[in-house]
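*Asks:* This is the structure I have questions about; it appears just below.
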Amino acid sequence: MSQRNGEITKAELVEKAGKLFQEQGYDQTTINDIIWSVGVSKGAFYHHFASKDEILEEITKEYIKVLISKVGAIANKSGLNALEKLNKIIVVVSAGKFQDKNISSILKKSLSTLDNARAIIKLQEMVIENTYGHYEKIIRQGIDEGLLDVAEPEITARLYLRFMYSIKVEMHHCLEEGVLKEKFDYFSDIHKRILGIKHGSIDVRPYLMGDTNE
């Protein structure tokens with residue numbers, strides 16, 4: 001390794017580490033790999049980050065920043081009722097079209113193993129804390145429109161977000177077991193119960209976007 005002259009920036013470390021996570025996988029990439037890739041000393045690395053996890057968290061923050069913007073734009077969009085907004089958000093988030101492809105790829109590969117359960121939970125909680133306000137706004141709109149029957153909009157918004165993460169996992173399990181078609185009505189019904197939907201529905205098919213045409 002040839003030592004670099006000059007100070008390494010935090011952004012450079014994140015960029016190089018992200019490429020390694022994408023190419024090698026998060027678990028397989030070590031701090032030494034990152035240091036060698038950039039060409040700096042360990043001291044230079046630890047000046048910015050205490051661990052590899054902190055770099056992944058930095059990448060996650062960028063993901064969340066864009067996600068908040070997209071969800072917020074839909075929540076504030078005029079001319080759509082609450083259910084239309086919720087359905088639109090599901091399509092946008094499930095398709096992953098709101099995000100830079102590199103960031104999406106890095107996160108997908110970095111958080112795809114059971115060993116990263118802690119990182120997955122942390123990502124989910126960061127998303128929930130930063131976006132539940134938009135969902136609460138939509139839920140309150142739905143109550144005013146007579147589409148939803150919810151007693152606690154803020155709590156429901158948090159629960160609904162956690163449910164959105166869980167339902168995708170369960171739907172993939174059903175897909176692998178070959179029972180997805182017969183379970184669709186059940187997944188739709190859970191949505192109705194959580195949100196107190198009185199009229200209309202939520203389309204759960206986009207949760208599997210890119211994985212199935214069912």
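Identifiers in this document derive from the order of the structure tokens: chains are assigned A, B, ..., residues are numbered from 1 separately in each chain, and ligands are numbered from 1 in order of occurrence.
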Using DSSP on the backbone coordinates, identify the residues of chain A assigned to alpha helix (DSSP H); present them as a tab-separated table (two decimals) with N, CA and C atoms, in the first residue's frame.

*Replies:*
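The resulting file, selection-v7.tsv, is reproduced below:
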chain	number	residue	atom	x	y	z
A	10	LYS	N	-14.20	12.23	4.77
A	10	LYS	CA	-15.20	11.26	5.19
A	10	LYS	C	-15.95	10.71	3.98
A	11	ALA	N	-16.27	11.60	3.05
A	11	ALA	CA	-17.01	11.20	1.85
A	11	ALA	C	-16.23	10.19	1.01
A	12	GLU	N	-14.91	10.35	0.94
A	12	GLU	CA	-14.07	9.42	0.17
A	12	GLU	C	-14.09	8.03	0.81
A	13	LEU	N	-14.01	7.99	2.12
A	13	LEU	CA	-14.05	6.71	2.82
A	13	LEU	C	-15.39	6.01	2.59
A	14	VAL	N	-16.46	6.77	2.66
A	14	VAL	CA	-17.80	6.19	2.45
A	14	VAL	C	-17.93	5.65	1.03
A	15	GLU	N	-17.42	6.41	0.06
A	15	GLU	CA	-17.51	5.99	-1.34
A	15	GLU	C	-16.72	4.70	-1.59
A	16	LYS	N	-15.49	4.65	-1.10
A	16	LYS	CA	-14.65	3.47	-1.30
A	16	LYS	C	-15.22	2.26	-0.57
A	17	ALA	N	-15.65	2.47	0.67
A	17	ALA	CA	-16.21	1.37	1.45
A	17	ALA	C	-17.48	0.86	0.78
A	18	GLY	N	-18.30	1.78	0.28
A	18	GLY	CA	-19.54	1.37	-0.39
A	18	GLY	C	-19.28	0.48	-1.58
A	19	LYS	N	-18.25	0.80	-2.36
A	19	LYS	CA	-17.89	-0.02	-3.52
A	19	LYS	C	-17.45	-1.41	-3.09
A	20	LEU	N	-16.69	-1.47	-1.99
A	20	LEU	CA	-16.24	-2.77	-1.49
A	20	LEU	C	-17.41	-3.59	-0.95
A	21	PHE	N	-18.34	-2.93	-0.25
A	21	PHE	CA	-19.52	-3.63	0.25
A	21	PHE	C	-20.30	-4.23	-0.92
A	22	GLN	N	-20.37	-3.47	-2.00
A	22	GLN	CA	-21.11	-3.89	-3.18
A	22	GLN	C	-20.42	-5.05	-3.90
A	23	GLU	N	-19.10	-4.99	-3.99
A	23	GLU	CA	-18.33	-6.00	-4.72
A	23	GLU	C	-18.11	-7.26	-3.90
A	24	GLN	N	-17.76	-7.10	-2.62
A	24	GLN	CA	-17.37	-8.24	-1.79
A	24	GLN	C	-18.44	-8.69	-0.82
A	31	ILE	N	-12.05	-3.62	7.74
A	31	ILE	CA	-11.55	-2.25	7.83
A	31	ILE	C	-10.21	-2.15	7.10
A	32	ASN	N	-9.39	-3.19	7.21
A	32	ASN	CA	-8.11	-3.19	6.50
A	32	ASN	C	-8.32	-3.11	4.99
A	33	ASP	N	-9.35	-3.79	4.48
A	33	ASP	CA	-9.66	-3.72	3.05
A	33	ASP	C	-9.93	-2.27	2.64
A	34	ILE	N	-10.71	-1.59	3.48
A	34	ILE	CA	-11.07	-0.20	3.18
A	34	ILE	C	-9.83	0.69	3.21
A	35	ILE	N	-9.01	0.49	4.23
A	35	ILE	CA	-7.78	1.29	4.39
A	35	ILE	C	-6.85	1.09	3.19
A	36	TRP	N	-6.69	-0.18	2.77
A	36	TRP	CA	-5.81	-0.47	1.63
A	36	TRP	C	-6.38	0.11	0.34
A	37	SER	N	-7.70	0.06	0.21
A	37	SER	CA	-8.35	0.57	-0.99
A	37	SER	C	-8.15	2.08	-1.15
A	38	VAL	N	-8.25	2.78	-0.03
A	38	VAL	CA	-8.10	4.24	-0.07
A	38	VAL	C	-6.63	4.64	-0.05
A	42	LYS	N	-4.44	3.64	9.46
A	42	LYS	CA	-5.56	3.32	10.33
A	42	LYS	C	-5.99	4.55	11.12
A	43	GLY	N	-5.02	5.35	11.47
A	43	GLY	CA	-5.33	6.57	12.22
A	43	GLY	C	-6.24	7.50	11.43
A	44	ALA	N	-5.98	7.58	10.12
A	44	ALA	CA	-6.81	8.43	9.26
A	44	ALA	C	-8.24	7.88	9.19
A	45	PHE	N	-8.34	6.54	9.14
A	45	PHE	CA	-9.68	5.93	9.10
A	45	PHE	C	-10.42	6.21	10.40
A	46	TYR	N	-9.78	5.92	11.53
A	46	TYR	CA	-10.44	6.06	12.83
A	46	TYR	C	-10.66	7.52	13.22
A	47	HIS	N	-10.07	8.42	12.50
A	47	HIS	CA	-10.35	9.84	12.72
A	47	HIS	C	-11.80	10.15	12.34
A	48	HIS	N	-12.33	9.41	11.37
A	48	HIS	CA	-13.69	9.65	10.88
A	48	HIS	C	-14.71	8.62	11.38
A	52	LYS	N	-16.77	-0.25	11.02
A	52	LYS	CA	-17.36	-0.47	9.70
A	52	LYS	C	-18.86	-0.19	9.74
A	53	ASP	N	-19.50	-0.50	10.86
A	53	ASP	CA	-20.93	-0.25	11.03
A	53	ASP	C	-21.28	1.22	10.85
A	54	GLU	N	-20.39	2.09	11.31
A	54	GLU	CA	-20.65	3.52	11.21
A	54	GLU	C	-20.67	3.99	9.75
A	55	ILE	N	-19.87	3.34	8.91
A	55	ILE	CA	-19.88	3.69	7.48
A	55	ILE	C	-21.21	3.26	6.87
A	56	LEU	N	-21.66	2.07	7.22
A	56	LEU	CA	-22.95	1.59	6.70
A	56	LEU	C	-24.08	2.51	7.17
A	57	GLU	N	-23.97	2.99	8.40
A	57	GLU	CA	-24.97	3.91	8.92
A	57	GLU	C	-24.97	5.22	8.14
A	58	GLU	N	-23.80	5.66	7.72
A	58	GLU	CA	-23.69	6.89	6.92
A	58	GLU	C	-24.38	6.70	5.56
A	59	ILE	N	-24.18	5.53	4.97
A	59	ILE	CA	-24.84	5.22	3.70
A	59	ILE	C	-26.35	5.15	3.89
A	60	THR	N	-26.76	4.58	5.01
A	60	THR	CA	-28.18	4.46	5.34
A	60	THR	C	-28.83	5.83	5.48
A	61	LYS	N	-28.10	6.77	6.06
A	61	LYS	CA	-28.65	8.12	6.25
A	61	LYS	C	-29.00	8.77	4.91
A	62	GLU	N	-28.18	8.52	3.91
A	62	GLU	CA	-28.45	9.08	2.58
A	62	GLU	C	-29.70	8.44	1.99
A	63	TYR	N	-29.83	7.14	2.21
A	63	TYR	CA	-31.03	6.41	1.76
A	63	TYR	C	-32.28	7.00	2.40
A	64	ILE	N	-32.22	7.22	3.70
A	64	ILE	CA	-33.37	7.74	4.44
A	64	ILE	C	-33.70	9.17	4.03
A	65	LYS	N	-32.67	9.96	3.77
A	65	LYS	CA	-32.87	11.35	3.36
A	65	LYS	C	-33.74	11.42	2.10
A	66	VAL	N	-33.43	10.60	1.12
A	66	VAL	CA	-34.20	10.59	-0.13
A	66	VAL	C	-35.59	10.00	0.11
A	67	LEU	N	-35.66	8.94	0.92
A	67	LEU	CA	-36.94	8.31	1.22
A	67	LEU	C	-37.91	9.29	1.88
A	68	ILE	N	-37.41	10.05	2.85
A	68	ILE	CA	-38.24	11.05	3.54
A	68	ILE	C	-38.81	12.05	2.54
A	69	SER	N	-37.97	12.47	1.62
A	69	SER	CA	-38.40	13.44	0.61
A	69	SER	C	-39.51	12.90	-0.26
A	70	LYS	N	-39.37	11.65	-0.71
A	70	LYS	CA	-40.37	11.05	-1.59
A	70	LYS	C	-41.69	10.78	-0.87
A	71	VAL	N	-41.61	10.22	0.34
A	71	VAL	CA	-42.82	9.95	1.10
A	71	VAL	C	-43.52	11.25	1.47
A	72	GLY	N	-42.74	12.25	1.84
A	72	GLY	CA	-43.30	13.56	2.19
A	72	GLY	C	-44.01	14.21	1.01
A	73	ALA	N	-43.43	14.07	-0.18
A	73	ALA	CA	-44.05	14.65	-1.38
A	73	ALA	C	-45.41	14.02	-1.65
A	74	ILE	N	-45.50	12.71	-1.45
A	74	ILE	CA	-46.79	12.02	-1.66
A	74	ILE	C	-47.78	12.41	-0.58
A	75	ALA	N	-47.33	12.47	0.67
A	75	ALA	CA	-48.22	12.83	1.78
A	75	ALA	C	-48.81	14.22	1.59
A	82	ALA	N	-56.55	9.52	1.01
A	82	ALA	CA	-55.57	8.84	1.87
A	82	ALA	C	-55.17	7.47	1.34
A	83	LEU	N	-56.12	6.69	0.87
A	83	LEU	CA	-55.80	5.36	0.37
A	83	LEU	C	-54.97	5.43	-0.91
A	84	GLU	N	-55.27	6.39	-1.74
A	84	GLU	CA	-54.47	6.57	-2.96
A	84	GLU	C	-53.03	6.92	-2.61
A	85	LYS	N	-52.85	7.73	-1.60
A	85	LYS	CA	-51.50	8.09	-1.16
A	85	LYS	C	-50.75	6.89	-0.60
A	86	LEU	N	-51.43	6.09	0.24
A	86	LEU	CA	-50.79	4.92	0.82
A	86	LEU	C	-50.41	3.91	-0.26
A	87	ASN	N	-51.29	3.70	-1.22
A	87	ASN	CA	-51.00	2.78	-2.32
A	87	ASN	C	-49.83	3.29	-3.16
A	88	LYS	N	-49.77	4.60	-3.38
A	88	LYS	CA	-48.68	5.19	-4.17
A	88	LYS	C	-47.35	5.02	-3.45
A	89	ILE	N	-47.34	5.22	-2.14
A	89	ILE	CA	-46.11	5.06	-1.36
A	89	ILE	C	-45.62	3.61	-1.44
A	90	ILE	N	-46.53	2.66	-1.33
A	90	ILE	CA	-46.14	1.24	-1.40
A	90	ILE	C	-45.46	0.94	-2.73
A	91	VAL	N	-46.02	1.47	-3.82
A	91	VAL	CA	-45.44	1.24	-5.15
A	91	VAL	C	-44.04	1.86	-5.24
A	92	VAL	N	-43.91	3.11	-4.81
A	92	VAL	CA	-42.64	3.81	-4.91
A	92	VAL	C	-41.56	3.13	-4.07
A	93	VAL	N	-41.88	2.82	-2.82
A	93	VAL	CA	-40.90	2.21	-1.91
A	93	VAL	C	-40.55	0.80	-2.35
A	94	SER	N	-41.55	0.01	-2.73
A	94	SER	CA	-41.30	-1.38	-3.12
A	94	SER	C	-40.47	-1.48	-4.39
A	95	ALA	N	-40.71	-0.56	-5.31
A	95	ALA	CA	-39.96	-0.58	-6.58
A	95	ALA	C	-38.53	-0.11	-6.40
A	101	LYS	N	-29.29	3.81	-7.55
A	101	LYS	CA	-29.12	2.36	-7.71
A	101	LYS	C	-27.95	1.83	-6.90
A	102	ASN	N	-26.85	2.59	-6.82
A	102	ASN	CA	-25.69	2.13	-6.08
A	102	ASN	C	-25.99	2.00	-4.59
A	103	ILE	N	-26.69	3.01	-4.05
A	103	ILE	CA	-27.03	2.97	-2.62
A	103	ILE	C	-27.97	1.80	-2.35
A	104	SER	N	-28.96	1.61	-3.19
A	104	SER	CA	-29.91	0.50	-3.02
A	104	SER	C	-29.19	-0.83	-3.07
A	105	SER	N	-28.26	-0.98	-4.00
A	105	SER	CA	-27.52	-2.22	-4.15
A	105	SER	C	-26.63	-2.48	-2.95
A	106	ILE	N	-25.97	-1.44	-2.47
A	106	ILE	CA	-25.09	-1.58	-1.29
A	106	ILE	C	-25.89	-2.05	-0.09
A	107	LEU	N	-27.02	-1.39	0.16
A	107	LEU	CA	-27.83	-1.75	1.32
A	107	LEU	C	-28.41	-3.15	1.19
A	108	LYS	N	-28.87	-3.49	-0.01
A	108	LYS	CA	-29.46	-4.81	-0.22
A	108	LYS	C	-28.45	-5.91	0.07
A	109	LYS	N	-27.22	-5.74	-0.42
A	109	LYS	CA	-26.19	-6.75	-0.22
A	109	LYS	C	-25.65	-6.73	1.21
A	110	SER	N	-25.64	-5.55	1.81
A	110	SER	CA	-25.08	-5.42	3.16
A	110	SER	C	-26.03	-5.96	4.21
A	117	ALA	N	-28.74	-8.77	11.40
A	117	ALA	CA	-30.06	-8.50	11.97
A	117	ALA	C	-30.07	-7.19	12.75
A	118	ARG	N	-29.01	-6.94	13.49
A	118	ARG	CA	-28.95	-5.70	14.28
A	118	ARG	C	-28.96	-4.48	13.37
A	119	ALA	N	-28.20	-4.54	12.27
A	119	ALA	CA	-28.15	-3.42	11.33
A	119	ALA	C	-29.50	-3.22	10.64
A	120	ILE	N	-30.18	-4.33	10.34
A	120	ILE	CA	-31.49	-4.25	9.69
A	120	ILE	C	-32.49	-3.56	10.61
A	121	ILE	N	-32.50	-3.96	11.88
A	121	ILE	CA	-33.42	-3.37	12.85
A	121	ILE	C	-33.12	-1.88	13.03
A	122	LYS	N	-31.84	-1.55	13.06
A	122	LYS	CA	-31.45	-0.14	13.22
A	122	LYS	C	-31.93	0.69	12.03
A	123	LEU	N	-31.77	0.14	10.82
A	123	LEU	CA	-32.24	0.83	9.62
A	123	LEU	C	-33.75	1.04	9.69
A	124	GLN	N	-34.47	0.01	10.05
A	124	GLN	CA	-35.93	0.10	10.13
A	124	GLN	C	-36.36	1.16	11.12
A	125	GLU	N	-35.73	1.19	12.28
A	125	GLU	CA	-36.11	2.17	13.30
A	125	GLU	C	-35.77	3.59	12.86
A	126	MET	N	-34.67	3.75	12.13
A	126	MET	CA	-34.31	5.07	11.62
A	126	MET	C	-35.36	5.55	10.61
A	127	VAL	N	-35.81	4.64	9.74
A	127	VAL	CA	-36.84	4.98	8.77
A	127	VAL	C	-38.14	5.35	9.48
A	128	ILE	N	-38.53	4.52	10.46
A	128	ILE	CA	-39.78	4.76	11.19
A	128	ILE	C	-39.76	6.11	11.88
A	129	GLU	N	-38.68	6.41	12.60
A	129	GLU	CA	-38.61	7.66	13.35
A	129	GLU	C	-38.63	8.89	12.44
A	130	ASN	N	-38.12	8.73	11.22
A	130	ASN	CA	-38.03	9.88	10.32
A	130	ASN	C	-39.19	10.02	9.35
A	131	THR	N	-40.04	9.01	9.26
A	131	THR	CA	-41.14	9.08	8.28
A	131	THR	C	-42.53	8.91	8.87
A	132	TYR	N	-42.64	8.46	10.14
A	132	TYR	CA	-43.97	8.16	10.66
A	132	TYR	C	-44.87	9.40	10.66
A	133	GLY	N	-44.28	10.58	10.76
A	133	GLY	CA	-45.08	11.81	10.76
A	133	GLY	C	-45.86	11.99	9.47
A	134	HIS	N	-45.25	11.59	8.35
A	134	HIS	CA	-45.94	11.69	7.06
A	134	HIS	C	-47.12	10.70	7.01
A	135	TYR	N	-46.89	9.50	7.55
A	135	TYR	CA	-47.95	8.50	7.56
A	135	TYR	C	-49.08	8.94	8.50
A	136	GLU	N	-48.70	9.53	9.60
A	136	GLU	CA	-49.72	10.03	10.53
A	136	GLU	C	-50.61	11.08	9.85
A	137	LYS	N	-49.98	11.94	9.07
A	137	LYS	CA	-50.73	12.96	8.35
A	137	LYS	C	-51.72	12.33	7.39
A	138	ILE	N	-51.28	11.29	6.67
A	138	ILE	CA	-52.16	10.61	5.73
A	138	ILE	C	-53.31	9.91	6.46
A	139	ILE	N	-53.00	9.30	7.59
A	139	ILE	CA	-54.02	8.61	8.38
A	139	ILE	C	-55.07	9.60	8.88
A	140	ARG	N	-54.62	10.75	9.35
A	140	ARG	CA	-55.57	11.77	9.81
A	140	ARG	C	-56.44	12.27	8.65
A	141	GLN	N	-55.84	12.37	7.47
A	141	GLN	CA	-56.60	12.75	6.29
A	141	GLN	C	-57.68	11.70	6.01
A	142	GLY	N	-57.29	10.41	6.11
A	142	GLY	CA	-58.22	9.33	5.87
A	142	GLY	C	-59.38	9.31	6.85
A	143	ILE	N	-59.09	9.70	8.10
A	143	ILE	CA	-60.15	9.78	9.11
A	143	ILE	C	-61.14	10.88	8.72
A	144	ASP	N	-60.60	12.03	8.33
A	144	ASP	CA	-61.45	13.16	7.92
A	144	ASP	C	-62.29	12.82	6.69
A	145	GLU	N	-61.73	11.98	5.82
A	145	GLU	CA	-62.44	11.59	4.60
A	145	GLU	C	-63.46	10.47	4.82
A	153	PRO	N	-53.83	7.94	15.72
A	153	PRO	CA	-53.10	8.09	14.46
A	153	PRO	C	-51.58	7.97	14.57
A	154	GLU	N	-50.98	8.55	15.62
A	154	GLU	CA	-49.52	8.50	15.74
A	154	GLU	C	-49.04	7.08	16.00
A	155	ILE	N	-49.67	6.40	16.95
A	155	ILE	CA	-49.28	5.02	17.26
A	155	ILE	C	-49.53	4.12	16.06
A	156	THR	N	-50.66	4.33	15.41
A	156	THR	CA	-51.00	3.52	14.24
A	156	THR	C	-49.97	3.70	13.13
A	157	ALA	N	-49.50	4.93	12.95
A	157	ALA	CA	-48.50	5.19	11.92
A	157	ALA	C	-47.22	4.39	12.19
A	158	ARG	N	-46.79	4.35	13.44
A	158	ARG	CA	-45.59	3.59	13.79
A	158	ARG	C	-45.81	2.09	13.60
A	159	LEU	N	-46.95	1.60	14.06
A	159	LEU	CA	-47.27	0.18	13.92
A	159	LEU	C	-47.36	-0.22	12.45
A	160	TYR	N	-47.97	0.65	11.66
A	160	TYR	CA	-48.13	0.35	10.24
A	160	TYR	C	-46.78	0.26	9.54
A	161	LEU	N	-45.85	1.14	9.89
A	161	LEU	CA	-44.53	1.09	9.29
A	161	LEU	C	-43.80	-0.20	9.65
A	162	ARG	N	-43.90	-0.63	10.90
A	162	ARG	CA	-43.27	-1.89	11.31
A	162	ARG	C	-43.94	-3.06	10.58
A	163	PHE	N	-45.24	-2.96	10.42
A	163	PHE	CA	-45.98	-3.99	9.71
A	163	PHE	C	-45.54	-4.09	8.25
A	164	MET	N	-45.25	-2.95	7.63
A	164	MET	CA	-44.84	-2.94	6.23
A	164	MET	C	-43.55	-3.73	6.03
A	165	TYR	N	-42.62	-3.66	6.99
A	165	TYR	CA	-41.40	-4.44	6.89
A	165	TYR	C	-41.70	-5.93	7.05
A	166	SER	N	-42.57	-6.26	8.00
A	166	SER	CA	-42.86	-7.66	8.28
A	166	SER	C	-43.64	-8.34	7.16
A	167	ILE	N	-44.60	-7.61	6.58
A	167	ILE	CA	-45.46	-8.25	5.58
A	167	ILE	C	-44.67	-8.65	4.35
A	168	LYS	N	-43.67	-7.87	3.97
A	168	LYS	CA	-42.88	-8.23	2.79
A	168	LYS	C	-42.15	-9.54	3.02
A	169	VAL	N	-41.60	-9.71	4.21
A	169	VAL	CA	-40.90	-10.96	4.54
A	169	VAL	C	-41.87	-12.13	4.48
A	170	GLU	N	-43.05	-11.97	5.09
A	170	GLU	CA	-44.03	-13.06	5.11
A	170	GLU	C	-44.54	-13.39	3.72
A	171	MET	N	-44.72	-12.38	2.88
A	171	MET	CA	-45.19	-12.62	1.52
A	171	MET	C	-44.15	-13.37	0.70
A	172	HIS	N	-42.88	-13.08	0.95
A	172	HIS	CA	-41.82	-13.81	0.26
A	172	HIS	C	-41.79	-15.28	0.71
A	173	HIS	N	-42.05	-15.51	1.98
A	173	HIS	CA	-42.11	-16.89	2.47
A	173	HIS	C	-43.23	-17.64	1.77
A	174	CYS	N	-44.40	-17.00	1.66
A	174	CYS	CA	-45.54	-17.63	1.00
A	174	CYS	C	-45.25	-17.88	-0.48
A	175	LEU	N	-44.51	-16.94	-1.10
A	175	LEU	CA	-44.13	-17.11	-2.50
A	175	LEU	C	-43.25	-18.33	-2.67
A	176	GLU	N	-42.28	-18.49	-1.78
A	176	GLU	CA	-41.37	-19.63	-1.85
A	176	GLU	C	-42.09	-20.95	-1.60
A	177	GLU	N	-43.14	-20.90	-0.78
A	177	GLU	CA	-43.91	-22.11	-0.46
A	177	GLU	C	-45.01	-22.38	-1.48
A	180	LEU	N	-48.80	-18.14	-2.21
A	180	LEU	CA	-49.00	-16.70	-2.17
A	180	LEU	C	-50.38	-16.27	-2.67
A	181	LYS	N	-50.83	-16.85	-3.79
A	181	LYS	CA	-52.11	-16.44	-4.37
A	181	LYS	C	-53.26	-16.59	-3.39
A	182	GLU	N	-53.29	-17.68	-2.71
A	182	GLU	CA	-54.39	-17.93	-1.78
A	182	GLU	C	-54.29	-17.12	-0.50
A	183	LYS	N	-53.13	-16.49	-0.25
A	183	LYS	CA	-52.94	-15.70	0.96
A	183	LYS	C	-53.12	-14.19	0.73
A	184	PHE	N	-53.28	-13.78	-0.53
A	184	PHE	CA	-53.37	-12.34	-0.82
A	184	PHE	C	-54.51	-11.66	-0.07
A	185	ASP	N	-55.67	-12.30	-0.05
A	185	ASP	CA	-56.81	-11.70	0.64
A	185	ASP	C	-56.52	-11.52	2.13
A	186	TYR	N	-55.79	-12.47	2.69
A	186	TYR	CA	-55.43	-12.38	4.11
A	186	TYR	C	-54.54	-11.18	4.38
A	187	PHE	N	-53.51	-10.98	3.54
A	187	PHE	CA	-52.61	-9.85	3.73
A	187	PHE	C	-53.35	-8.52	3.55
A	188	SER	N	-54.27	-8.48	2.61
A	188	SER	CA	-55.06	-7.27	2.41
A	188	SER	C	-55.94	-6.99	3.63
A	189	ASP	N	-56.48	-8.07	4.20
A	189	ASP	CA	-57.36	-7.92	5.36
A	189	ASP	C	-56.61	-7.37	6.57
A	190	ILE	N	-55.33	-7.78	6.73
A	190	ILE	CA	-54.53	-7.26	7.85
A	190	ILE	C	-54.37	-5.75	7.71
A	191	HIS	N	-54.12	-5.29	6.50
A	191	HIS	CA	-54.02	-3.85	6.24
A	191	HIS	C	-55.30	-3.15	6.69
A	192	LYS	N	-56.42	-3.71	6.31
A	192	LYS	CA	-57.71	-3.10	6.64
A	192	LYS	C	-57.89	-3.00	8.15
A	193	ARG	N	-57.47	-4.04	8.86
A	193	ARG	CA	-57.64	-4.06	10.32
A	193	ARG	C	-56.74	-3.03	11.00
A	194	ILE	N	-55.48	-2.96	10.58
A	194	ILE	CA	-54.55	-2.02	11.21
A	194	ILE	C	-54.98	-0.57	10.96
A	195	LEU	N	-55.39	-0.28	9.73
A	195	LEU	CA	-55.73	1.09	9.37
A	195	LEU	C	-57.20	1.43	9.56

*Asks:* Between CA of Ser51 (chain A) and CA of Thr30 (chain A), what is the spacing in Å?

*Replies:*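 Taking CA of Thr30 (chain A) as the start and CA of Ser51 (chain A) as the end point, the length is 9.8 Å.
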
*Asks:* Within 6 Å of region 146-149 of chain A, counting only C-alpha atoms, which residues show up once you throw out same-chain ones fewer than 4 positions away? Write them as a list in words, please.

*Replies:*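 Near region 146-149 of chain A, the qualifying residues are Gly142, Gly196, Ile197, Lys198 and His199 of chain A.
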
*Asks:* Interatomic distance between CA of Gly200 (chain A) and CA of Asn81 (chain A)?

*Replies:*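 Straight-line distance from CA of Gly200 (chain A) to CA of Asn81 (chain A) works out to 10.5 Å.
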